[in-house]
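Structure file model36.cif (mmCIF, N, CA and C atoms) follows.
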```
data_final
loop_
_atom_site.label_atom_id
_atom_site.label_comp_id
_atom_site.auth_asym_id
_atom_site.auth_seq_id
_atom_site.Cartn_x
_atom_site.Cartn_y
_atom_site.Cartn_z
N MET Z 26 145.20 88.28 90.37
CA MET Z 26 144.40 88.67 89.21
C MET Z 26 144.63 90.14 88.94
N SER Z 27 143.96 90.65 88.02
CA SER Z 27 144.13 92.04 87.62
C SER Z 27 143.26 92.96 88.46
N THR Z 28 143.55 94.23 88.35
CA THR Z 28 142.73 95.22 89.04
C THR Z 28 141.69 95.74 88.06
N HIS Z 29 140.53 96.05 88.59
CA HIS Z 29 139.45 96.57 87.76
C HIS Z 29 138.99 97.87 88.39
N HIS Z 30 138.98 98.93 87.62
CA HIS Z 30 138.53 100.21 88.11
C HIS Z 30 137.32 100.65 87.31
N ALA Z 31 136.24 100.92 88.02
CA ALA Z 31 135.03 101.39 87.36
C ALA Z 31 135.21 102.85 86.95
N THR Z 32 134.62 103.19 85.83
CA THR Z 32 134.65 104.59 85.41
C THR Z 32 133.57 105.34 86.17
N PRO Z 33 133.83 106.58 86.55
CA PRO Z 33 132.84 107.32 87.32
C PRO Z 33 131.52 107.53 86.57
N GLU Z 34 131.57 107.65 85.25
CA GLU Z 34 130.36 107.93 84.47
C GLU Z 34 129.36 106.77 84.49
N THR Z 35 129.85 105.54 84.39
CA THR Z 35 128.95 104.40 84.24
C THR Z 35 128.97 103.44 85.41
N GLY Z 36 130.01 103.47 86.21
CA GLY Z 36 130.15 102.48 87.28
C GLY Z 36 130.61 101.14 86.76
N ARG Z 37 130.93 101.05 85.48
CA ARG Z 37 131.41 99.81 84.87
C ARG Z 37 132.90 99.92 84.58
N THR Z 38 133.55 98.77 84.65
CA THR Z 38 134.96 98.74 84.27
C THR Z 38 135.06 98.77 82.75
N ARG Z 39 136.26 98.99 82.27
CA ARG Z 39 136.46 99.01 80.82
C ARG Z 39 136.13 97.67 80.18
N VAL Z 40 136.46 96.57 80.85
CA VAL Z 40 136.16 95.26 80.28
C VAL Z 40 134.65 95.02 80.26
N GLN Z 41 133.94 95.52 81.25
CA GLN Z 41 132.47 95.41 81.23
C GLN Z 41 131.88 96.23 80.09
N GLN Z 42 132.40 97.42 79.90
CA GLN Z 42 131.92 98.27 78.80
C GLN Z 42 132.17 97.60 77.45
N ALA Z 43 133.34 96.98 77.31
CA ALA Z 43 133.67 96.30 76.05
C ALA Z 43 132.75 95.11 75.82
N ALA Z 44 132.52 94.30 76.85
CA ALA Z 44 131.63 93.14 76.71
C ALA Z 44 130.21 93.59 76.38
N LEU Z 45 129.77 94.67 77.01
CA LEU Z 45 128.44 95.21 76.72
C LEU Z 45 128.34 95.68 75.27
N ALA Z 46 129.36 96.39 74.81
CA ALA Z 46 129.37 96.88 73.42
C ALA Z 46 129.41 95.72 72.43
N VAL Z 47 130.28 94.75 72.66
CA VAL Z 47 130.38 93.60 71.77
C VAL Z 47 129.06 92.83 71.76
N GLY Z 48 128.49 92.63 72.94
CA GLY Z 48 127.20 91.95 73.03
C GLY Z 48 126.11 92.68 72.28
N ALA Z 49 126.08 94.00 72.41
CA ALA Z 49 125.07 94.81 71.71
C ALA Z 49 125.23 94.70 70.20
N VAL Z 50 126.47 94.69 69.73
CA VAL Z 50 126.72 94.56 68.28
C VAL Z 50 126.26 93.19 67.79
N PHE Z 51 126.57 92.13 68.54
CA PHE Z 51 126.11 90.79 68.14
C PHE Z 51 124.59 90.73 68.10
N LEU Z 52 123.94 91.32 69.09
CA LEU Z 52 122.48 91.34 69.12
C LEU Z 52 121.93 92.07 67.89
N LEU Z 53 122.51 93.21 67.58
CA LEU Z 53 122.09 93.98 66.40
C LEU Z 53 122.29 93.17 65.12
N VAL Z 54 123.43 92.53 64.98
CA VAL Z 54 123.72 91.73 63.78
C VAL Z 54 122.72 90.57 63.67
N GLY Z 55 122.41 89.94 64.80
CA GLY Z 55 121.42 88.86 64.79
C GLY Z 55 120.06 89.33 64.32
N ILE Z 56 119.65 90.51 64.76
CA ILE Z 56 118.37 91.08 64.33
C ILE Z 56 118.42 91.44 62.85
N LEU Z 57 119.50 92.11 62.44
CA LEU Z 57 119.62 92.54 61.04
C LEU Z 57 119.60 91.36 60.07
N GLY Z 58 120.10 90.21 60.53
CA GLY Z 58 120.11 89.02 59.68
C GLY Z 58 118.72 88.54 59.31
N PHE Z 59 117.71 88.98 60.05
CA PHE Z 59 116.33 88.59 59.78
C PHE Z 59 115.54 89.67 59.03
N ILE Z 60 116.22 90.72 58.59
CA ILE Z 60 115.53 91.81 57.90
C ILE Z 60 115.82 91.76 56.40
N PRO Z 61 114.77 91.49 55.61
CA PRO Z 61 114.96 91.50 54.15
C PRO Z 61 115.44 92.88 53.70
N GLY Z 62 116.32 92.90 52.75
CA GLY Z 62 116.89 94.16 52.28
C GLY Z 62 118.26 94.37 52.89
N VAL Z 63 118.33 94.28 54.21
CA VAL Z 63 119.64 94.31 54.88
C VAL Z 63 120.33 92.98 54.59
N THR Z 64 119.52 91.93 54.56
CA THR Z 64 120.00 90.60 54.18
C THR Z 64 119.51 90.34 52.76
N THR Z 65 120.44 90.22 51.82
CA THR Z 65 120.08 89.98 50.42
C THR Z 65 119.72 88.52 50.22
N ASP Z 66 118.98 88.25 49.17
CA ASP Z 66 118.50 86.89 48.85
C ASP Z 66 117.83 86.25 50.06
N TYR Z 67 117.08 87.07 50.77
CA TYR Z 67 116.42 86.64 52.01
C TYR Z 67 115.53 85.42 51.79
N ASP Z 68 114.89 85.35 50.63
CA ASP Z 68 113.97 84.25 50.34
C ASP Z 68 114.67 82.90 50.21
N THR Z 69 116.00 82.89 50.11
CA THR Z 69 116.74 81.62 50.02
C THR Z 69 117.24 81.15 51.39
N MET Z 70 116.97 81.92 52.45
CA MET Z 70 117.49 81.57 53.77
C MET Z 70 116.91 80.24 54.23
N LYS Z 71 117.79 79.38 54.68
CA LYS Z 71 117.44 78.07 55.23
C LYS Z 71 117.71 78.08 56.73
N PHE Z 72 117.26 77.01 57.41
CA PHE Z 72 117.53 76.96 58.85
C PHE Z 72 119.02 76.75 59.11
N ALA Z 73 119.58 75.69 58.55
CA ALA Z 73 120.98 75.38 58.82
C ALA Z 73 121.55 74.49 57.73
N GLU Z 74 122.00 75.09 56.67
CA GLU Z 74 122.65 74.31 55.62
C GLU Z 74 123.36 75.24 54.64
N HIS Z 75 124.27 74.67 53.88
CA HIS Z 75 125.07 75.46 52.95
C HIS Z 75 124.27 76.00 51.77
N HIS Z 76 123.04 75.52 51.57
CA HIS Z 76 122.23 76.01 50.47
C HIS Z 76 121.60 77.37 50.75
N SER Z 77 121.74 77.86 51.97
CA SER Z 77 121.24 79.19 52.29
C SER Z 77 122.13 80.21 51.58
N GLU Z 78 121.56 80.94 50.67
CA GLU Z 78 122.33 81.95 49.92
C GLU Z 78 122.07 83.35 50.44
N ALA Z 79 121.33 83.47 51.53
CA ALA Z 79 121.08 84.78 52.13
C ALA Z 79 122.40 85.35 52.63
N LYS Z 80 122.59 86.67 52.42
CA LYS Z 80 123.85 87.30 52.82
C LYS Z 80 123.56 88.61 53.54
N LEU Z 81 124.04 88.71 54.76
CA LEU Z 81 123.93 89.94 55.53
C LEU Z 81 124.78 91.00 54.85
N LEU Z 82 124.16 92.13 54.56
CA LEU Z 82 124.81 93.24 53.85
C LEU Z 82 125.32 92.82 52.48
N GLY Z 83 124.79 91.72 51.95
CA GLY Z 83 125.20 91.24 50.64
C GLY Z 83 126.57 90.58 50.63
N VAL Z 84 127.15 90.34 51.81
CA VAL Z 84 128.52 89.82 51.89
C VAL Z 84 128.63 88.55 52.73
N PHE Z 85 128.06 88.55 53.93
CA PHE Z 85 128.26 87.47 54.90
C PHE Z 85 127.11 86.47 54.84
N GLN Z 86 127.43 85.22 54.47
CA GLN Z 86 126.41 84.19 54.34
C GLN Z 86 125.79 83.90 55.70
N VAL Z 87 124.45 83.90 55.74
CA VAL Z 87 123.75 83.65 56.99
C VAL Z 87 122.62 82.64 56.78
N SER Z 88 122.18 82.09 57.88
CA SER Z 88 121.02 81.20 57.92
C SER Z 88 120.26 81.56 59.19
N ILE Z 89 119.16 80.89 59.39
CA ILE Z 89 118.41 81.12 60.64
C ILE Z 89 119.28 80.75 61.82
N LEU Z 90 119.96 79.61 61.75
CA LEU Z 90 120.84 79.18 62.84
C LEU Z 90 121.96 80.20 63.08
N HIS Z 91 122.57 80.68 62.03
CA HIS Z 91 123.66 81.65 62.14
C HIS Z 91 123.16 82.91 62.85
N ASN Z 92 121.97 83.38 62.47
CA ASN Z 92 121.41 84.56 63.11
C ASN Z 92 121.08 84.31 64.58
N ILE Z 93 120.57 83.12 64.88
CA ILE Z 93 120.26 82.77 66.28
C ILE Z 93 121.53 82.75 67.11
N VAL Z 94 122.61 82.23 66.54
CA VAL Z 94 123.90 82.22 67.26
C VAL Z 94 124.33 83.66 67.57
N HIS Z 95 124.18 84.56 66.61
CA HIS Z 95 124.52 85.97 66.86
C HIS Z 95 123.64 86.54 67.98
N LEU Z 96 122.36 86.25 67.95
CA LEU Z 96 121.46 86.73 69.00
C LEU Z 96 121.87 86.19 70.37
N LEU Z 97 122.18 84.91 70.44
CA LEU Z 97 122.59 84.30 71.71
C LEU Z 97 123.91 84.87 72.22
N PHE Z 98 124.86 85.08 71.31
CA PHE Z 98 126.12 85.71 71.70
C PHE Z 98 125.86 87.12 72.23
N GLY Z 99 124.95 87.82 71.60
CA GLY Z 99 124.61 89.17 72.04
C GLY Z 99 124.00 89.16 73.44
N ILE Z 100 123.06 88.29 73.66
CA ILE Z 100 122.43 88.18 74.97
C ILE Z 100 123.47 87.79 76.02
N ALA Z 101 124.34 86.85 75.67
CA ALA Z 101 125.39 86.41 76.61
C ALA Z 101 126.32 87.58 76.95
N GLY Z 102 126.74 88.34 75.95
CA GLY Z 102 127.63 89.46 76.19
C GLY Z 102 127.01 90.50 77.09
N ILE Z 103 125.75 90.82 76.84
CA ILE Z 103 125.06 91.82 77.66
C ILE Z 103 124.90 91.31 79.09
N ALA Z 104 124.49 90.05 79.23
CA ALA Z 104 124.31 89.48 80.57
C ALA Z 104 125.64 89.36 81.31
N MET Z 105 126.69 88.95 80.61
CA MET Z 105 127.98 88.73 81.25
C MET Z 105 128.73 90.04 81.51
N ALA Z 106 128.24 91.14 80.98
CA ALA Z 106 128.87 92.44 81.24
C ALA Z 106 128.53 92.95 82.64
N ARG Z 107 127.76 92.22 83.39
CA ARG Z 107 127.36 92.66 84.74
C ARG Z 107 128.52 92.72 85.72
N THR Z 108 129.50 91.83 85.53
CA THR Z 108 130.68 91.87 86.40
C THR Z 108 131.94 91.84 85.55
N ALA Z 109 133.02 92.35 86.09
CA ALA Z 109 134.28 92.37 85.35
C ALA Z 109 134.76 90.95 85.05
N SER Z 110 134.59 90.06 86.00
CA SER Z 110 135.05 88.68 85.82
C SER Z 110 134.30 87.98 84.70
N THR Z 111 132.98 88.09 84.68
CA THR Z 111 132.22 87.41 83.63
C THR Z 111 132.39 88.12 82.28
N ALA Z 112 132.59 89.42 82.30
CA ALA Z 112 132.85 90.15 81.05
C ALA Z 112 134.16 89.65 80.44
N HIS Z 113 135.17 89.48 81.28
CA HIS Z 113 136.47 88.95 80.84
C HIS Z 113 136.28 87.55 80.25
N THR Z 114 135.50 86.71 80.93
CA THR Z 114 135.24 85.35 80.45
C THR Z 114 134.54 85.37 79.10
N PHE Z 115 133.55 86.25 78.95
CA PHE Z 115 132.83 86.36 77.67
C PHE Z 115 133.79 86.73 76.55
N LEU Z 116 134.62 87.73 76.76
CA LEU Z 116 135.52 88.18 75.69
C LEU Z 116 136.56 87.13 75.34
N ILE Z 117 137.19 86.54 76.34
CA ILE Z 117 138.22 85.52 76.07
C ILE Z 117 137.58 84.25 75.50
N GLY Z 118 136.55 83.76 76.17
CA GLY Z 118 135.89 82.53 75.72
C GLY Z 118 135.22 82.69 74.37
N GLY Z 119 134.51 83.80 74.19
CA GLY Z 119 133.86 84.06 72.91
C GLY Z 119 134.87 84.22 71.79
N GLY Z 120 135.98 84.89 72.09
CA GLY Z 120 137.04 85.03 71.10
C GLY Z 120 137.62 83.69 70.70
N ALA Z 121 137.81 82.81 71.69
CA ALA Z 121 138.33 81.47 71.39
C ALA Z 121 137.35 80.69 70.52
N ILE Z 122 136.06 80.81 70.82
CA ILE Z 122 135.04 80.13 70.01
C ILE Z 122 135.09 80.63 68.57
N TYR Z 123 135.24 81.94 68.39
CA TYR Z 123 135.30 82.48 67.03
C TYR Z 123 136.57 82.06 66.30
N LEU Z 124 137.67 81.88 67.00
CA LEU Z 124 138.88 81.38 66.34
C LEU Z 124 138.70 79.93 65.91
N VAL Z 125 138.02 79.13 66.73
CA VAL Z 125 137.73 77.75 66.34
C VAL Z 125 136.80 77.74 65.13
N LEU Z 126 135.81 78.61 65.12
CA LEU Z 126 134.90 78.71 63.98
C LEU Z 126 135.64 79.15 62.72
N TRP Z 127 136.62 80.04 62.87
CA TRP Z 127 137.45 80.47 61.74
C TRP Z 127 138.20 79.27 61.15
N ILE Z 128 138.84 78.49 62.01
CA ILE Z 128 139.58 77.31 61.54
C ILE Z 128 138.63 76.32 60.87
N TYR Z 129 137.49 76.09 61.49
CA TYR Z 129 136.48 75.19 60.93
C TYR Z 129 136.08 75.66 59.53
N GLY Z 130 135.81 76.95 59.39
CA GLY Z 130 135.41 77.50 58.10
C GLY Z 130 136.49 77.38 57.03
N LEU Z 131 137.75 77.40 57.46
CA LEU Z 131 138.85 77.27 56.50
C LEU Z 131 139.04 75.84 56.01
N ILE Z 132 138.75 74.85 56.87
CA ILE Z 132 139.07 73.47 56.51
C ILE Z 132 137.90 72.71 55.86
N ILE Z 133 136.67 73.19 56.04
CA ILE Z 133 135.54 72.47 55.45
C ILE Z 133 135.35 72.86 53.98
N ASP Z 134 134.70 71.99 53.27
CA ASP Z 134 134.28 72.30 51.90
C ASP Z 134 132.99 73.12 52.02
N HIS Z 135 133.00 74.34 51.53
CA HIS Z 135 131.84 75.22 51.69
C HIS Z 135 130.61 74.73 50.95
N ASP Z 136 130.78 73.80 50.01
CA ASP Z 136 129.64 73.24 49.28
C ASP Z 136 129.20 71.89 49.83
N SER Z 137 129.67 71.55 51.02
CA SER Z 137 129.30 70.25 51.60
C SER Z 137 128.33 70.44 52.77
N ALA Z 138 127.79 69.34 53.22
CA ALA Z 138 126.87 69.35 54.36
C ALA Z 138 127.59 69.78 55.65
N ALA Z 139 128.91 69.72 55.67
CA ALA Z 139 129.67 70.17 56.84
C ALA Z 139 129.52 71.67 57.07
N ASN Z 140 129.13 72.39 56.05
CA ASN Z 140 128.94 73.84 56.14
C ASN Z 140 127.50 74.12 56.57
N PHE Z 141 127.12 73.60 57.73
CA PHE Z 141 125.74 73.70 58.19
C PHE Z 141 125.41 75.04 58.83
N ILE Z 142 126.41 75.87 59.11
CA ILE Z 142 126.14 77.12 59.83
C ILE Z 142 125.42 78.14 58.96
N PRO Z 143 125.63 78.47 57.80
CA PRO Z 143 126.74 78.29 56.87
C PRO Z 143 127.73 79.45 56.96
N VAL Z 144 128.91 79.25 56.39
CA VAL Z 144 129.92 80.32 56.34
C VAL Z 144 130.49 80.40 54.93
N ASN Z 145 130.96 81.59 54.59
CA ASN Z 145 131.70 81.78 53.34
C ASN Z 145 133.05 82.39 53.70
N MET Z 146 133.86 82.72 52.73
CA MET Z 146 135.21 83.23 53.03
C MET Z 146 135.14 84.56 53.78
N ALA Z 147 134.18 85.41 53.45
CA ALA Z 147 134.04 86.68 54.18
C ALA Z 147 133.73 86.42 55.65
N ASP Z 148 132.85 85.45 55.92
CA ASP Z 148 132.56 85.07 57.31
C ASP Z 148 133.81 84.57 58.02
N ASN Z 149 134.58 83.73 57.31
CA ASN Z 149 135.79 83.18 57.93
C ASN Z 149 136.72 84.27 58.42
N TRP Z 150 136.98 85.25 57.60
CA TRP Z 150 137.93 86.30 57.99
C TRP Z 150 137.33 87.25 59.01
N LEU Z 151 136.02 87.43 58.96
CA LEU Z 151 135.36 88.20 60.02
C LEU Z 151 135.48 87.45 61.35
N HIS Z 152 135.29 86.13 61.34
CA HIS Z 152 135.42 85.34 62.55
C HIS Z 152 136.85 85.42 63.11
N PHE Z 153 137.83 85.43 62.24
CA PHE Z 153 139.22 85.59 62.68
C PHE Z 153 139.40 86.93 63.38
N GLY Z 154 138.94 88.00 62.75
CA GLY Z 154 139.05 89.33 63.34
C GLY Z 154 138.30 89.44 64.67
N LEU Z 155 137.10 88.85 64.72
CA LEU Z 155 136.34 88.87 65.97
C LEU Z 155 137.08 88.11 67.06
N GLY Z 156 137.61 86.95 66.71
CA GLY Z 156 138.32 86.15 67.71
C GLY Z 156 139.51 86.89 68.28
N ILE Z 157 140.34 87.42 67.41
CA ILE Z 157 141.53 88.16 67.85
C ILE Z 157 141.11 89.41 68.63
N GLY Z 158 140.12 90.13 68.10
CA GLY Z 158 139.67 91.37 68.75
C GLY Z 158 139.08 91.13 70.13
N MET Z 159 138.24 90.11 70.25
CA MET Z 159 137.63 89.83 71.55
C MET Z 159 138.68 89.41 72.57
N ILE Z 160 139.59 88.54 72.17
CA ILE Z 160 140.65 88.11 73.09
C ILE Z 160 141.52 89.29 73.48
N ALA Z 161 141.88 90.13 72.52
CA ALA Z 161 142.69 91.31 72.82
C ALA Z 161 141.98 92.22 73.81
N LEU Z 162 140.69 92.46 73.62
CA LEU Z 162 139.95 93.29 74.57
C LEU Z 162 139.95 92.65 75.96
N GLY Z 163 139.70 91.36 76.01
CA GLY Z 163 139.67 90.66 77.30
C GLY Z 163 140.99 90.73 78.03
N VAL Z 164 142.08 90.61 77.29
CA VAL Z 164 143.41 90.65 77.91
C VAL Z 164 143.83 92.07 78.26
N LEU Z 165 143.74 92.96 77.28
CA LEU Z 165 144.24 94.32 77.48
C LEU Z 165 143.43 95.11 78.50
N LEU Z 166 142.15 94.86 78.58
CA LEU Z 166 141.31 95.65 79.49
C LEU Z 166 141.27 95.09 80.91
N THR Z 167 141.95 93.98 81.14
CA THR Z 167 141.99 93.43 82.50
C THR Z 167 143.41 93.28 83.03
N ARG Z 168 144.37 93.72 82.25
CA ARG Z 168 145.75 93.59 82.75
C ARG Z 168 146.01 94.63 83.83
N ARG Z 169 146.93 94.30 84.68
CA ARG Z 169 147.29 95.18 85.78
C ARG Z 169 147.99 96.41 85.24
N THR Z 170 147.49 97.58 85.63
CA THR Z 170 148.09 98.81 85.13
C THR Z 170 148.93 99.52 86.20
N THR Z 171 148.81 99.08 87.43
CA THR Z 171 149.63 99.63 88.50
C THR Z 171 150.30 98.48 89.23
N PRO Z 172 151.49 98.73 89.75
CA PRO Z 172 152.17 97.66 90.47
C PRO Z 172 151.38 97.31 91.74
N PRO Z 173 151.43 96.04 92.13
CA PRO Z 173 150.69 95.65 93.35
C PRO Z 173 151.30 96.33 94.58
N THR Z 174 150.44 96.66 95.52
CA THR Z 174 150.92 97.25 96.79
C THR Z 174 151.23 96.14 97.75
N ARG Z 175 152.19 96.42 98.61
CA ARG Z 175 152.57 95.39 99.59
C ARG Z 175 152.12 95.78 100.96
#
```
Just dump the structure as C-alpha cells.
Amino acid sequence: MSTHHATPETGRTRVQQAALAVGAVFLLVGILGFIPGVTTDYDTMKFAEHHSEAKLLGVFQVSILHNIVHLLFGIAGIAMARTASTAHTFLIGGGAIYLVLWIYGLIIDHDSAANFIPVNMADNWLHFGLGIGMIALGVLLTRRTTPPTR
C-alpha cells in the first residue's frame, strides 16, 4: 500500500485533510440547501421528486432528499477522515458514487418520476466534477512518494 505521512501541524495525513475538507463542504452545502434565500424557490421544495423547483444558489436543483444526502456525505467524510485508510475509501468510493449519479442524471428524463433526487444539468456536471475530483484526491494523496526500503 502507500505511505502516509502526517503533517506536523495537524497530525493528519494529506488524504485525511482532504476527506475532512470535502466532508465539511458537503455538510455546509446540505445546510445551505435548507436556507431560504440561499436556496431560491424554497417554497416549491419537495421531499423527493422532479417537481421540486428549489435551486441552491439559484442553479442546482435540490429537494429535501438531495439536501439530506449532502448532509450524510458530509458526516461520512468527517467521520472517515479519522484514519488515512478510511479517508482514502471515502474519497474513492464517494467519487465513484458521484460518477454513477452523473451517468444516471444524463440518461434519465429530467421531467419523469425517475428524477426523484432531483437533478438538473448543472447538478449533473457538478457531480461529474465531484466524482473526478474526489477520486483524484484519493489516488494522488495516497500514492507512494518515496521508493520502498528493503
Hits of the PyMOL selection byres (((chain Z and resi 67 and name CA) around 9) and name CA) in this structure, as a ChimeraX atom specification: /Z:58-66,68-70,77-81
Please return, as a PyMOL selection string, all residues of chain Z that DSSP assigns to strand (DSSP E) on the basis of the backbone. chain Z and resi 64-65+80-81+85-86
Within 6.5 Å of segment 154-171 of chain Z, counting all atoms listed in the file, which residues show up once you throw out same-chain ones fewer than 5 positions away? Write them as a PyMOL selection string, please. chain Z and resi 26-28+39-40+112-113+116-117+119-124+149
Separation of atom CA of Gly55 of chain Z and atom CA of Thr38 of chain Z, in Å? 25.7 Å
Close residues, His135 of chain Z itself excluded, 7 Å, all atoms listed in the file, min 4 positions apart in chain, as a list in words: His75, Ala139, Asn140, Val144 and Asn145 of chain Z
Starting from the displayed file, determine the output of the PyMOL selection byres (((chain Z and resi 97-106 and name CA) around 9) and name CA) and express the residue list as a PyMOL selection string. chain Z and resi 37+40-55+92-96+107-116+119
The residue from Z:Gly36, Z:Asp148, Z:Leu82, Z:Lys71 with the smallest atom-to-atom distance to Leu57 of chain Z, counting only C-alpha atoms, is Z:Leu82
Check chain Z with DSSP on the backbone and list each residue it calls helix (DSSP H, G or I), as a PyMOL selection string. chain Z and resi 39-57+67-69+89-105+109-132+146-165
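As for atom CA of Trp127 of chain Z and atom N of Trp150 of chain Z, they are spaced 6.3 Å apart.
Ranking Z:Asp134, Z:His152, Z:Phe141, Z:Leu126 by their shortest atom-to-atom distance to Phe72 of chain Z, with only C-alpha atoms included, puts Z:Phe141 first.
One finds atom C of Gly130 of chain Z at 14.2 Å from atom CA of Val87 of chain Z.
Nearest to His76 of chain Z of all the residues Z:Ala138, Z:Ile133, Z:Leu151, Z:Ile56 is Z:Ala138, based on all atoms listed in the file.
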